[in-house]
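Next up, protein.txt (compact mmCIF, C-alpha atoms and all ligand atoms):
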```txt
# COMPACT_ATOMS: atom_id res chain seq x y z
CA MET F 232 -6.94 -42.09 -53.98
CA ASP F 233 -4.34 -43.75 -51.80
CA ARG F 234 -5.13 -42.80 -48.21
CA SER F 235 -1.51 -43.15 -47.16
CA GLU F 236 -0.50 -40.52 -49.74
CA SER F 237 -3.09 -37.80 -49.23
CA THR F 238 -4.21 -35.05 -46.91
CA ILE F 239 -6.62 -35.73 -44.07
CA LEU F 240 -9.04 -33.27 -42.46
CA VAL F 241 -9.19 -33.40 -38.67
CA THR F 242 -11.83 -31.46 -36.73
CA GLY F 243 -11.25 -30.47 -33.10
CA GLY F 244 -7.50 -30.97 -33.51
CA ALA F 245 -6.58 -28.23 -31.02
CA GLY F 246 -8.25 -30.12 -28.15
CA PHE F 247 -6.77 -32.83 -25.96
CA ILE F 248 -7.15 -35.99 -28.06
CA GLY F 249 -7.20 -34.20 -31.42
CA ALA F 250 -3.86 -32.46 -30.76
CA ASN F 251 -2.27 -35.71 -29.59
CA PHE F 252 -3.60 -37.36 -32.75
CA VAL F 253 -2.30 -34.66 -35.11
CA ILE F 254 1.17 -34.75 -33.50
CA GLN F 255 1.25 -38.55 -33.70
CA TRP F 256 0.01 -38.54 -37.31
CA ILE F 257 2.69 -36.09 -38.49
CA ALA F 258 5.39 -38.08 -36.63
CA ASN F 259 4.31 -41.51 -37.87
CA VAL F 260 2.50 -41.02 -41.18
CA GLY F 261 4.04 -37.70 -42.15
CA LYS F 262 1.27 -36.67 -44.55
CA PRO F 263 -0.49 -33.28 -44.40
CA VAL F 264 -3.26 -32.57 -41.91
CA VAL F 265 -5.81 -29.81 -42.25
CA ASN F 266 -7.02 -28.99 -38.74
CA LEU F 267 -10.39 -27.25 -38.35
CA ASP F 268 -11.10 -26.11 -34.79
CA LYS F 269 -13.42 -23.49 -33.35
CA LEU F 270 -10.98 -22.79 -30.48
CA THR F 271 -13.57 -22.95 -27.72
CA TYR F 272 -12.29 -22.75 -24.12
CA ALA F 273 -10.99 -26.34 -24.65
CA GLY F 274 -9.13 -25.63 -27.89
CA ASN F 275 -5.58 -24.42 -27.44
CA LEU F 276 -3.03 -23.67 -30.15
CA ALA F 277 -0.28 -24.12 -27.55
CA ASN F 278 -1.06 -27.86 -27.80
CA LEU F 279 0.23 -27.71 -31.38
CA ALA F 280 3.26 -25.50 -30.73
CA SER F 281 5.65 -28.31 -31.73
CA LEU F 282 4.17 -28.11 -35.27
CA SER F 283 4.22 -24.32 -35.60
CA SER F 284 6.84 -24.33 -38.36
CA ASP F 285 5.78 -27.62 -39.97
CA ALA F 286 4.14 -27.01 -43.37
CA ARG F 287 2.33 -30.36 -43.11
CA HIS F 288 0.02 -28.93 -40.43
CA ILE F 289 -2.51 -26.43 -41.75
CA PHE F 290 -4.64 -24.88 -39.02
CA LEU F 291 -7.96 -23.11 -39.65
CA LYS F 292 -10.17 -21.60 -37.02
CA GLY F 293 -13.78 -22.52 -37.76
CA ASP F 294 -16.93 -24.38 -36.79
CA ILE F 295 -17.86 -27.86 -38.07
CA GLY F 296 -21.41 -26.50 -38.37
CA ASP F 297 -20.38 -23.71 -40.74
CA THR F 298 -21.24 -25.37 -44.06
CA PRO F 299 -19.67 -22.80 -46.44
CA VAL F 300 -16.38 -22.96 -44.53
CA VAL F 301 -16.31 -26.77 -44.47
CA ALA F 302 -17.34 -27.04 -48.14
CA LYS F 303 -14.58 -24.62 -49.13
CA LEU F 304 -11.99 -26.58 -47.14
CA LEU F 305 -13.04 -29.86 -48.72
CA ALA F 306 -12.93 -28.37 -52.23
CA GLU F 307 -9.54 -26.77 -51.64
CA TYR F 308 -7.65 -29.58 -49.88
CA ARG F 309 -9.48 -32.63 -51.31
CA PRO F 310 -8.89 -34.84 -48.24
CA CYS F 311 -9.01 -38.62 -48.47
CA ALA F 312 -10.56 -38.80 -45.00
CA VAL F 313 -12.33 -36.64 -42.44
CA LEU F 314 -11.83 -37.44 -38.74
CA ASN F 315 -14.33 -35.80 -36.42
CA PHE F 316 -12.92 -35.12 -32.94
CA ALA F 317 -14.74 -31.79 -32.52
CA ALA F 318 -17.18 -31.82 -29.63
CA GLU F 319 -18.16 -30.34 -26.33
CA SER F 320 -16.70 -33.06 -24.13
CA HIS F 321 -17.24 -32.39 -20.41
CA VAL F 322 -20.15 -34.07 -18.61
CA ASP F 323 -20.33 -31.51 -15.76
CA ARG F 324 -20.52 -28.61 -18.21
CA SER F 325 -23.33 -30.40 -20.05
CA ILE F 326 -25.26 -30.57 -16.78
CA HIS F 327 -24.85 -26.82 -16.22
CA GLY F 328 -25.88 -26.01 -19.80
CA ALA F 329 -26.63 -28.45 -22.62
CA GLY F 330 -27.14 -25.94 -25.45
CA GLU F 331 -23.61 -25.97 -26.87
CA PHE F 332 -23.57 -29.77 -26.67
CA ILE F 333 -26.66 -30.06 -28.83
CA GLU F 334 -25.37 -27.37 -31.18
CA THR F 335 -21.91 -28.87 -31.81
CA ASN F 336 -22.27 -32.58 -31.09
CA LEU F 337 -25.62 -33.06 -32.78
CA ALA F 338 -26.37 -30.19 -35.20
CA GLY F 339 -22.67 -29.65 -35.96
CA THR F 340 -22.11 -33.33 -36.76
CA PHE F 341 -25.21 -33.28 -38.97
CA ARG F 342 -23.95 -30.27 -40.94
CA LEU F 343 -20.48 -31.78 -41.21
CA LEU F 344 -21.92 -35.05 -42.48
CA GLU F 345 -23.94 -33.22 -45.12
CA ALA F 346 -20.96 -31.19 -46.35
CA VAL F 347 -18.83 -34.33 -46.46
CA ARG F 348 -21.56 -36.30 -48.25
CA HIS F 349 -21.80 -33.71 -51.04
CA TYR F 350 -18.02 -33.69 -51.43
CA TRP F 351 -17.78 -37.50 -51.36
CA GLN F 352 -20.61 -38.01 -53.86
CA ALA F 353 -18.78 -35.92 -56.45
CA LEU F 354 -15.45 -37.75 -56.13
CA PRO F 355 -14.18 -39.92 -59.02
CA ALA F 356 -14.88 -43.66 -58.49
CA GLY F 357 -11.50 -44.75 -57.02
CA GLN F 358 -11.30 -41.83 -54.63
CA LYS F 359 -14.92 -42.30 -53.63
CA GLU F 360 -14.25 -45.89 -52.66
CA ALA F 361 -11.14 -45.07 -50.64
CA PHE F 362 -12.69 -42.13 -48.77
CA ARG F 363 -13.51 -42.50 -45.04
CA PHE F 364 -15.40 -40.45 -42.46
CA LEU F 365 -14.21 -41.45 -38.98
CA HIS F 366 -16.30 -40.33 -36.02
CA VAL F 367 -14.60 -40.27 -32.62
CA SER F 368 -17.11 -41.16 -29.93
CA THR F 369 -17.36 -42.36 -26.36
CA ASP F 370 -18.26 -45.39 -24.25
CA GLU F 371 -20.70 -43.16 -22.33
CA VAL F 372 -23.33 -43.73 -25.04
CA TYR F 373 -23.84 -47.23 -23.58
CA GLY F 374 -24.91 -45.95 -20.15
CA SER F 375 -23.85 -47.36 -16.80
CA LEU F 376 -22.85 -50.91 -15.75
CA GLY F 377 -23.56 -52.76 -12.50
CA PRO F 378 -20.57 -54.17 -10.57
CA ALA F 379 -20.84 -57.68 -12.10
CA ASP F 380 -22.04 -56.77 -15.61
CA PRO F 381 -19.87 -57.77 -18.58
CA ALA F 382 -17.98 -54.93 -20.29
CA PHE F 383 -19.58 -52.98 -23.18
CA THR F 384 -19.34 -54.69 -26.57
CA GLU F 385 -20.26 -52.99 -29.86
CA HIS F 386 -23.68 -54.66 -29.57
CA HIS F 387 -24.61 -53.13 -26.23
CA ASN F 388 -27.79 -51.02 -26.31
CA TYR F 389 -27.41 -47.25 -26.34
CA GLN F 390 -28.59 -45.86 -22.96
CA PRO F 391 -27.01 -42.41 -22.59
CA ASN F 392 -27.66 -40.75 -19.23
CA SER F 393 -26.16 -37.24 -19.38
CA PRO F 394 -26.82 -34.38 -21.80
CA TYR F 395 -23.24 -34.94 -23.06
CA SER F 396 -23.64 -38.66 -23.68
CA ALA F 397 -27.11 -38.16 -25.21
CA SER F 398 -25.67 -35.64 -27.67
CA LYS F 399 -22.83 -38.03 -28.56
CA ALA F 400 -25.28 -40.93 -28.92
CA GLY F 401 -27.34 -38.79 -31.29
CA SER F 402 -24.25 -38.00 -33.35
CA ASP F 403 -23.36 -41.72 -33.54
CA HIS F 404 -26.86 -42.45 -34.85
CA LEU F 405 -26.55 -39.74 -37.50
CA VAL F 406 -23.21 -41.17 -38.65
CA ARG F 407 -24.72 -44.66 -38.83
CA ALA F 408 -27.71 -43.36 -40.81
CA TRP F 409 -25.49 -41.52 -43.31
CA HIS F 410 -23.83 -44.87 -44.04
CA HIS F 411 -27.03 -46.88 -44.20
CA THR F 412 -28.98 -44.34 -46.28
CA TYR F 413 -26.36 -42.68 -48.48
CA GLY F 414 -23.55 -45.25 -48.41
CA LEU F 415 -21.03 -42.77 -46.91
CA PRO F 416 -18.04 -44.93 -45.83
CA VAL F 417 -18.07 -44.20 -42.10
CA LEU F 418 -16.20 -45.65 -39.14
CA THR F 419 -17.08 -45.00 -35.50
CA THR F 420 -14.86 -45.50 -32.46
CA ASN F 421 -16.30 -45.59 -28.93
CA CYS F 422 -13.54 -45.07 -26.42
CA SER F 423 -13.24 -45.08 -22.64
CA ASN F 424 -11.66 -42.38 -20.44
CA ASN F 425 -8.42 -40.92 -21.83
CA TYR F 426 -5.65 -39.23 -19.90
CA GLY F 427 -2.26 -37.79 -20.89
CA PRO F 428 -0.57 -34.54 -22.03
CA PHE F 429 -2.69 -31.51 -23.00
CA GLN F 430 -5.86 -32.59 -21.18
CA PHE F 431 -7.83 -29.56 -19.99
CA PRO F 432 -7.81 -29.55 -16.16
CA GLU F 433 -11.58 -29.72 -15.79
CA LYS F 434 -11.26 -33.53 -16.10
CA LEU F 435 -10.46 -35.69 -13.06
CA ILE F 436 -6.80 -36.62 -13.60
CA PRO F 437 -5.31 -33.23 -14.56
CA LEU F 438 -7.55 -31.46 -12.03
CA VAL F 439 -6.28 -33.66 -9.21
CA ILE F 440 -2.63 -33.38 -10.30
CA LEU F 441 -2.76 -29.59 -10.44
CA ASN F 442 -4.78 -29.14 -7.24
CA ALA F 443 -2.44 -31.51 -5.40
CA ILE F 444 0.75 -29.70 -6.38
CA GLN F 445 -0.87 -26.42 -5.36
CA GLY F 446 -2.00 -27.86 -2.00
CA LYS F 447 -5.69 -27.42 -2.84
CA PRO F 448 -8.55 -29.82 -1.97
CA LEU F 449 -8.95 -32.87 -4.25
CA PRO F 450 -12.72 -33.06 -4.90
CA VAL F 451 -14.09 -36.60 -5.11
CA TYR F 452 -17.74 -36.84 -6.12
CA GLY F 453 -20.07 -38.98 -3.98
CA ASP F 454 -18.41 -42.02 -2.40
CA GLY F 455 -15.55 -42.17 -4.90
CA GLN F 456 -16.49 -45.73 -5.90
CA ASN F 457 -17.50 -44.91 -9.51
CA VAL F 458 -15.40 -46.93 -11.92
CA ARG F 459 -13.82 -45.76 -15.18
CA ASP F 460 -11.68 -47.70 -17.68
CA TRP F 461 -8.56 -45.57 -18.29
CA LEU F 462 -6.57 -45.43 -21.53
CA TYR F 463 -3.42 -43.47 -22.29
CA VAL F 464 -4.23 -40.96 -25.06
CA GLY F 465 -1.39 -42.14 -27.33
CA ASP F 466 -2.92 -45.63 -27.38
CA HIS F 467 -6.30 -44.17 -28.34
CA CYS F 468 -4.65 -42.28 -31.22
CA THR F 469 -2.94 -45.47 -32.44
CA ALA F 470 -6.28 -47.27 -32.41
CA ILE F 471 -7.89 -44.49 -34.46
CA ARG F 472 -5.11 -44.71 -37.05
CA LEU F 473 -5.57 -48.46 -37.34
CA VAL F 474 -9.34 -48.19 -37.67
CA LEU F 475 -8.90 -45.53 -40.36
CA GLU F 476 -6.45 -47.72 -42.25
CA ARG F 477 -8.13 -51.10 -41.97
CA GLY F 478 -11.52 -50.78 -40.29
CA ARG F 479 -14.55 -51.96 -42.22
CA PRO F 480 -16.85 -49.13 -43.40
CA GLY F 481 -20.10 -49.03 -41.46
CA GLU F 482 -18.54 -50.73 -38.42
CA THR F 483 -18.03 -49.43 -34.91
CA TYR F 484 -14.99 -50.29 -32.78
CA ASN F 485 -14.78 -50.08 -28.99
CA VAL F 486 -11.47 -48.81 -27.61
CA GLY F 487 -10.45 -49.16 -23.96
CA GLY F 488 -7.58 -49.68 -21.59
CA ASN F 489 -8.72 -52.85 -19.76
CA THR F 490 -7.90 -50.79 -16.69
CA GLU F 491 -10.88 -50.36 -14.40
CA ARG F 492 -10.20 -48.17 -11.39
CA THR F 493 -12.45 -46.47 -8.85
CA ASN F 494 -12.04 -42.71 -8.71
CA LEU F 495 -10.69 -43.07 -5.21
CA GLU F 496 -7.98 -45.46 -6.45
CA VAL F 497 -7.03 -43.00 -9.20
CA VAL F 498 -6.78 -40.07 -6.78
CA ARG F 499 -4.81 -42.08 -4.23
CA THR F 500 -2.37 -43.28 -6.93
CA ILE F 501 -1.74 -39.68 -8.06
CA CYS F 502 -1.15 -38.71 -4.41
CA ALA F 503 1.34 -41.55 -3.93
CA VAL F 504 3.35 -40.61 -7.04
CA LEU F 505 3.43 -36.94 -6.00
CA ASP F 506 4.50 -37.86 -2.45
CA GLU F 507 7.51 -39.48 -4.09
CA ILE F 508 8.45 -36.95 -6.79
CA ARG F 509 7.06 -33.61 -5.45
CA PRO F 510 6.72 -34.04 -1.66
CA ASP F 511 5.89 -30.36 -0.84
CA HIS F 512 2.33 -31.10 0.32
CA SER F 513 2.82 -34.69 1.51
CA PRO F 514 0.88 -36.66 2.34
CA HIS F 515 -1.21 -35.43 -0.62
CA SER F 516 -4.01 -37.81 0.35
CA SER F 517 -4.78 -35.48 3.27
CA LEU F 518 -6.14 -33.05 0.62
CA LEU F 519 -8.78 -35.56 -0.45
CA THR F 520 -12.29 -34.08 0.01
CA PHE F 521 -15.58 -35.85 -0.64
CA VAL F 522 -18.05 -33.45 -2.27
CA GLN F 523 -21.64 -33.59 -3.46
CA ASP F 524 -22.12 -36.12 -6.25
CA ARG F 525 -22.61 -35.35 -9.95
CA PRO F 526 -26.35 -35.58 -10.80
CA GLY F 527 -27.11 -38.82 -12.67
CA HIS F 528 -23.49 -39.97 -12.17
CA ASP F 529 -22.84 -43.19 -14.14
CA ARG F 530 -21.51 -45.83 -11.76
CA ARG F 531 -19.26 -47.93 -13.95
CA TYR F 532 -17.87 -48.07 -17.50
CA ALA F 533 -15.84 -50.97 -18.88
CA ILE F 534 -14.91 -51.71 -22.47
CA ASP F 535 -14.61 -55.06 -24.21
CA THR F 536 -11.85 -54.48 -26.78
CA SER F 537 -11.87 -57.97 -28.29
CA LYS F 538 -13.18 -56.85 -31.71
CA LEU F 539 -10.37 -54.32 -32.15
CA LYS F 540 -7.81 -56.88 -31.04
CA ARG F 541 -9.22 -59.68 -33.20
CA GLU F 542 -9.76 -57.66 -36.40
CA LEU F 543 -6.94 -55.11 -36.25
CA GLY F 544 -4.46 -56.55 -33.74
CA TRP F 545 -4.66 -53.49 -31.46
CA GLN F 546 -3.97 -53.50 -27.75
CA PRO F 547 -2.82 -50.77 -25.38
CA ALA F 548 0.94 -50.35 -25.14
CA VAL F 549 1.10 -48.20 -21.99
CA THR F 550 0.03 -49.48 -18.56
CA PHE F 551 -2.00 -47.19 -16.30
CA GLU F 552 0.82 -46.89 -13.76
CA GLU F 553 3.41 -45.93 -16.43
CA GLY F 554 1.01 -43.60 -18.26
CA LEU F 555 -0.06 -41.85 -15.08
CA ARG F 556 3.54 -41.29 -13.98
CA GLN F 557 4.41 -39.85 -17.44
CA THR F 558 1.33 -37.63 -17.31
CA ILE F 559 2.11 -36.30 -13.83
CA ARG F 560 5.66 -35.59 -14.99
CA TRP F 561 4.29 -33.79 -18.09
CA TYR F 562 2.13 -31.44 -15.98
CA LEU F 563 5.06 -30.73 -13.63
CA ASP F 564 7.31 -29.93 -16.61
CA HIS F 565 4.84 -27.63 -18.42
CA GLU F 566 4.27 -24.82 -15.97
CA GLU F 567 3.67 -22.17 -18.63
CA TRP F 568 1.02 -24.27 -20.38
CA VAL F 569 -0.64 -24.83 -17.01
CA ARG F 570 -0.50 -21.13 -16.07
CA ASN F 571 -2.14 -20.16 -19.36
CA VAL F 572 -5.02 -22.64 -19.17
CA GLN F 573 -5.65 -21.86 -15.50
CA SER F 574 -6.26 -18.18 -16.18
CA GLY F 575 -9.56 -16.53 -17.15
CA ASP F 576 -12.44 -18.81 -18.01
CA TYR F 577 -11.04 -21.74 -16.06
CA ARG F 578 -11.44 -19.89 -12.74
CA ASN F 579 -15.06 -19.07 -13.57
CA TRP F 580 -15.68 -22.75 -14.25
CA LEU F 581 -14.21 -23.79 -10.87
CA ALA F 582 -16.57 -21.34 -9.16
CA VAL F 583 -19.59 -22.64 -11.13
CA ASN F 584 -18.86 -26.34 -10.61
CA TYR F 585 -17.31 -26.49 -7.14
CA GLY F 586 -18.55 -23.27 -5.48
CA ARG F 587 -21.71 -24.82 -4.03
CA ARG F 588 -20.75 -28.50 -3.75
P1 LIG F 601 -11.70 -31.46 -25.82
O1 LIG F 601 -12.87 -30.80 -25.17
O2 LIG F 601 -10.37 -31.42 -25.17
O3 LIG F 601 -11.49 -30.84 -27.29
C1 LIG F 601 -12.55 -30.59 -28.17
C2 LIG F 601 -12.03 -29.72 -29.31
O4 LIG F 601 -13.10 -29.50 -30.22
C3 LIG F 601 -11.53 -28.34 -28.86
O5 LIG F 601 -10.31 -28.04 -29.48
C4 LIG F 601 -12.62 -27.39 -29.33
O6 LIG F 601 -12.16 -26.09 -29.63
C5 LIG F 601 -13.13 -28.12 -30.58
N1 LIG F 601 -14.51 -27.76 -30.93
C6 LIG F 601 -15.59 -27.70 -30.12
N2 LIG F 601 -16.68 -27.35 -30.81
C7 LIG F 601 -16.29 -27.20 -32.10
C8 LIG F 601 -16.97 -26.87 -33.30
N3 LIG F 601 -18.27 -26.59 -33.30
N4 LIG F 601 -16.26 -26.83 -34.45
C9 LIG F 601 -14.93 -27.08 -34.46
N5 LIG F 601 -14.23 -27.39 -33.36
C10 LIG F 601 -14.91 -27.46 -32.18
O7 LIG F 601 -12.17 -32.93 -26.11
P2 LIG F 601 -11.33 -34.29 -26.13
O8 LIG F 601 -11.28 -34.84 -24.76
O9 LIG F 601 -10.10 -34.08 -26.90
O10 LIG F 601 -12.32 -35.23 -26.97
C11 LIG F 601 -12.25 -35.29 -28.39
C12 LIG F 601 -13.33 -36.22 -28.89
O11 LIG F 601 -13.15 -37.52 -28.31
C13 LIG F 601 -14.74 -35.79 -28.51
O12 LIG F 601 -15.58 -36.07 -29.59
C14 LIG F 601 -15.09 -36.66 -27.31
O13 LIG F 601 -16.47 -36.88 -27.23
C15 LIG F 601 -14.34 -37.93 -27.64
N6 LIG F 601 -13.91 -38.76 -26.51
C16 LIG F 601 -13.22 -38.18 -25.46
C17 LIG F 601 -12.76 -39.01 -24.44
C18 LIG F 601 -11.98 -38.45 -23.26
O14 LIG F 601 -11.73 -39.17 -22.30
N7 LIG F 601 -11.55 -37.20 -23.28
C19 LIG F 601 -13.02 -40.38 -24.46
C20 LIG F 601 -13.72 -40.92 -25.54
C21 LIG F 601 -14.16 -40.09 -26.56
O1 LIG F 602 -15.79 -42.41 -20.82
C1 LIG F 602 -15.34 -41.50 -21.79
C2 LIG F 602 -15.61 -40.09 -21.32
O2 LIG F 602 -14.67 -39.84 -20.28
C3 LIG F 602 -15.49 -39.04 -22.42
O3 LIG F 602 -16.49 -39.27 -23.37
C4 LIG F 602 -15.64 -37.63 -21.84
O4 LIG F 602 -15.42 -36.68 -22.86
C5 LIG F 602 -14.60 -37.45 -20.75
O5 LIG F 602 -14.77 -36.19 -20.14
C6 LIG F 602 -14.74 -38.56 -19.69
O6 LIG F 602 -15.98 -38.41 -18.94
P1 LIG F 602 -16.04 -38.61 -17.35
O7 LIG F 602 -17.22 -37.89 -16.84
O8 LIG F 602 -15.87 -40.04 -16.98
O9 LIG F 602 -14.66 -37.84 -16.96
P2 LIG F 602 -14.29 -36.84 -15.78
O10 LIG F 602 -12.81 -36.68 -15.83
O11 LIG F 602 -15.13 -35.62 -15.79
O12 LIG F 602 -14.65 -37.69 -14.49
C7 LIG F 602 -14.07 -38.96 -14.22
C8 LIG F 602 -14.69 -39.50 -12.96
O13 LIG F 602 -14.26 -38.70 -11.85
C9 LIG F 602 -16.20 -39.43 -12.95
O14 LIG F 602 -16.71 -40.57 -12.25
C10 LIG F 602 -16.51 -38.17 -12.15
C11 LIG F 602 -15.37 -38.09 -11.17
N1 LIG F 602 -14.94 -36.74 -10.78
C12 LIG F 602 -14.69 -35.82 -11.75
C13 LIG F 602 -14.29 -34.54 -11.42
C14 LIG F 602 -14.03 -33.51 -12.49
C15 LIG F 602 -14.73 -36.43 -9.44
O15 LIG F 602 -14.93 -37.29 -8.55
N2 LIG F 602 -14.32 -35.18 -9.11
C16 LIG F 602 -14.11 -34.20 -10.04
O16 LIG F 602 -13.77 -33.06 -9.66
```
Please, can you express the file's structure as structure tokens?
Amino acid sequence: MDRSESTILVTGGAGFIGANFVIQWIANVGKPVVNLDKLTYAGNLANLASLSSDARHIFLKGDIGDTPVVAKLLAEYRPCAVLNFAAESHVDRSIHGAGEFIETNLAGTFRLLEAVRHYWQALPAGQKEAFRFLHVSTDEVYGSLGPADPAFTEHHNYQPNSPYSASKAGSDHLVRAWHHTYGLPVLTTNCSNNYGPFQFPEKLIPLVILNAIQGKPLPVYGDGQNVRDWLYVGDHCTAIRLVLERGRPGETYNVGGNTERTNLEVVRTICAVLDEIRPDHSPHSSLLTFVQDRPGHDRRYAIDTSKLKRELGWQPAVTFEEGLRQTIRWYLDHEEWVRNVQSGDYRNWLAVNYGRR
């Protein structure tokens, strides 16, 4: 099986990173993608509208934990790789209710691994060797850094602190074990904070952009000095493609933007760009509102990307300032997308998360 010639199966491809990945894959690789997504509140077929008449994108609504469905898909489409983006992904939601996180991120990944293992074990020798299972994970599994600590390498201990990161850490361990025990050719990527088009506005950057243009308060948790390492989503997708193509089975690869910023810096930068290009509520920084902190809030994440650079030659192409400007422009230009995601369940979430802060 030549991976560059065959179909891939992507899970969670109607979410933020998955949709960006599918669009990039079709544009750059041009081979078929089967996209399995449960369409939770975070999954949105509008993210894939540009592919609606492209026969290379095959969308199926379903759960990674539904073994008969996954087994049928594998038997029918015979993918050369499975890329697992599907997850519950928001830390604050995991604090309000961890059940779905355990169900999808842990039990779902287990069931997916088992279905894939049975499929992989029955493949003819050449195809079996070429097959890959790529698991998309997060830097949050490593826990929190102090101000002077070196950035996370692939050898950093796992110390997850939130229900979300604990469920992702568990899934990483399952993936590792399926390689060690059964020989499944797995790859794991642990990436820092992404931003860009199609991100659901429960996450900091789109939330602040949309609140700011609507003249609403910009909620900053605690003292605003928590640090994240930001990466433009397109650069993350490029890294995943490279790891799939040339990563060594059984290995993990850290992906990050080498762009540490405090939350306050991020919010102030968004305000400054909006003051320039959409001055209606200027100065937008007057909307900034400190609110009660997130329980167990990790102080700092930073990623050491030297392995990915050394082994696969990857580095981010988009600077934070450029990427943020493009992202702000994208949200301004996609009013209908924004209107649709801000209806219904989104309003309930704002009441749950911000109502009593
Ligand atoms: P997202 O919440 O935007 O999208 C998740 C997608 O998974 C949605 O389309 C949803 O419908 C789907 N999904 C959820 N449960 C499912 C299930 N049981 N079966 C099938 N589909 C299901 O998330 P995202 O931000 O795009 O993140 C994608 C992956 O990347 C996740 O695994 C996340 O942990 C990881 N990650 C995210 C970031 C980030 O900054 N957003 C950074 C590093 C890693
Ligand atoms: O590090 C990778 C992780 O990044 C991914 O694994 C997660 O899926 C993704 O959601 C993201 O997690 P964070 O918790 O870092 O992202 P979030 O956008 O929720 O928050 C970013 C920072 O901003 C964090 O320190 C909390 C803070 N914050 C967030 C919100 C929503 C605020 O100050 N105010 C807010 O309203």
message = Counting only C-alpha atoms and all ligand atoms, which residue out of F:Gln358, F:Gln456, F:Ser516, F:Ser396 sits closest to ligand LIG 601 (chain F)?
response =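 Closest to ligand LIG 601 (chain F), using only C-alpha atoms and all ligand atoms: F:Ser396.
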request  = Grab the CA of Ala317 in chain F to CA of Asp268 in chain F distance for me, in Å with one decimal place.
outcome  =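 CA of Ala317 in chain F sits 7.1 Å away from CA of Asp268 in chain F.
Nearest to Tyr350 in chain F of all the residues F:His321, F:Arg309, F:Arg560, F:His366 is F:Arg309, counting all atoms listed in the file.
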Write as a CSV table (one decimal) with C-alpha atoms, in the frame of the given file the residues around ligand LIG 601 (chain F), taking 7 Å as the cut-off and counting all atoms listed in the file.
```csv
chain,number,residue,atom,x,y,z
F,242,THR,CA,-11.8,-31.5,-36.7
F,243,GLY,CA,-11.2,-30.5,-33.1
F,244,GLY,CA,-7.5,-31.0,-33.5
F,245,ALA,CA,-6.6,-28.2,-31.0
F,246,GLY,CA,-8.2,-30.1,-28.2
F,247,PHE,CA,-6.8,-32.8,-26.0
F,248,ILE,CA,-7.2,-36.0,-28.1
F,249,GLY,CA,-7.2,-34.2,-31.4
F,267,LEU,CA,-10.4,-27.2,-38.4
F,268,ASP,CA,-11.1,-26.1,-34.8
F,269,LYS,CA,-13.4,-23.5,-33.4
F,270,LEU,CA,-11.0,-22.8,-30.5
F,271,THR,CA,-13.6,-23.0,-27.7
F,272,TYR,CA,-12.3,-22.8,-24.1
F,273,ALA,CA,-11.0,-26.3,-24.6
F,274,GLY,CA,-9.1,-25.6,-27.9
F,275,ASN,CA,-5.6,-24.4,-27.4
F,293,GLY,CA,-13.8,-22.5,-37.8
F,294,ASP,CA,-16.9,-24.4,-36.8
F,295,ILE,CA,-17.9,-27.9,-38.1
F,296,GLY,CA,-21.4,-26.5,-38.4
F,315,ASN,CA,-14.3,-35.8,-36.4
F,316,PHE,CA,-12.9,-35.1,-32.9
F,317,ALA,CA,-14.7,-31.8,-32.5
F,318,ALA,CA,-17.2,-31.8,-29.6
F,319,GLU,CA,-18.2,-30.3,-26.3
F,320,SER,CA,-16.7,-33.1,-24.1
F,321,HIS,CA,-17.2,-32.4,-20.4
F,335,THR,CA,-21.9,-28.9,-31.8
F,339,GLY,CA,-22.7,-29.6,-36.0
F,367,VAL,CA,-14.6,-40.3,-32.6
F,368,SER,CA,-17.1,-41.2,-29.9
F,369,THR,CA,-17.4,-42.4,-26.4
F,370,ASP,CA,-18.3,-45.4,-24.2
F,399,LYS,CA,-22.8,-38.0,-28.6
F,421,ASN,CA,-16.3,-45.6,-28.9
F,422,CYS,CA,-13.5,-45.1,-26.4
F,423,SER,CA,-13.2,-45.1,-22.6
F,424,ASN,CA,-11.7,-42.4,-20.4
F,425,ASN,CA,-8.4,-40.9,-21.8
F,426,TYR,CA,-5.6,-39.2,-19.9
F,430,GLN,CA,-5.9,-32.6,-21.2
F,431,PHE,CA,-7.8,-29.6,-20.0
```
message = Show me which residues line ligand LIG 602 (chain F), defined as having an atom within 9 Å of a ligand atom where all atoms listed in the file count, and present them as a PyMOL selection string.
response = chain F and resi 318-323+368-372+395-396+399+421-426+432-439+449-461+493-495+497-498+521-522+524-525+528-533+584-585
Interatomic distance, CA of Trp561 in chain F to CA of Asn266 in chain F (Å, one decimal) =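 Distance reported for this atom pair: 24.0 Å.
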Counting all atoms listed in the file, the residue of F:Ile534, F:Ala277, F:Ala382, F:Leu314 that sits nearest Val474 in chain F =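 Under the stated criterion, the closest residue is F:Leu314.
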Repaired coordinates for range 245-249 of chain F (N, CA and C atoms) as a PDB file, keeping the file's coordinate frame:
```pdb
ATOM      1  N   ALA F 245      -7.311 -29.044 -32.002  1.00  0.00           N
ATOM      2  CA  ALA F 245      -6.580 -28.230 -31.020  1.00  0.00           C
ATOM      3  C   ALA F 245      -6.982 -28.626 -29.601  1.00  0.00           C
ATOM      4  N   GLY F 246      -7.850 -29.625 -29.473  1.00  0.00           N
ATOM      5  CA  GLY F 246      -8.250 -30.120 -28.150  1.00  0.00           C
ATOM      6  C   GLY F 246      -7.288 -31.213 -27.685  1.00  0.00           C
ATOM      7  N   PHE F 247      -7.656 -31.846 -26.605  1.00  0.00           N
ATOM      8  CA  PHE F 247      -6.770 -32.830 -25.960  1.00  0.00           C
ATOM      9  C   PHE F 247      -6.446 -34.009 -26.890  1.00  0.00           C
ATOM     10  N   ILE F 248      -7.435 -34.780 -27.273  1.00  0.00           N
ATOM     11  CA  ILE F 248      -7.150 -35.990 -28.060  1.00  0.00           C
ATOM     12  C   ILE F 248      -6.771 -35.613 -29.489  1.00  0.00           C
ATOM     13  N   GLY F 249      -7.488 -34.614 -30.045  1.00  0.00           N
ATOM     14  CA  GLY F 249      -7.200 -34.200 -31.420  1.00  0.00           C
ATOM     15  C   GLY F 249      -5.761 -33.756 -31.590  1.00  0.00           C
TER      16      GLY F 249
END
```
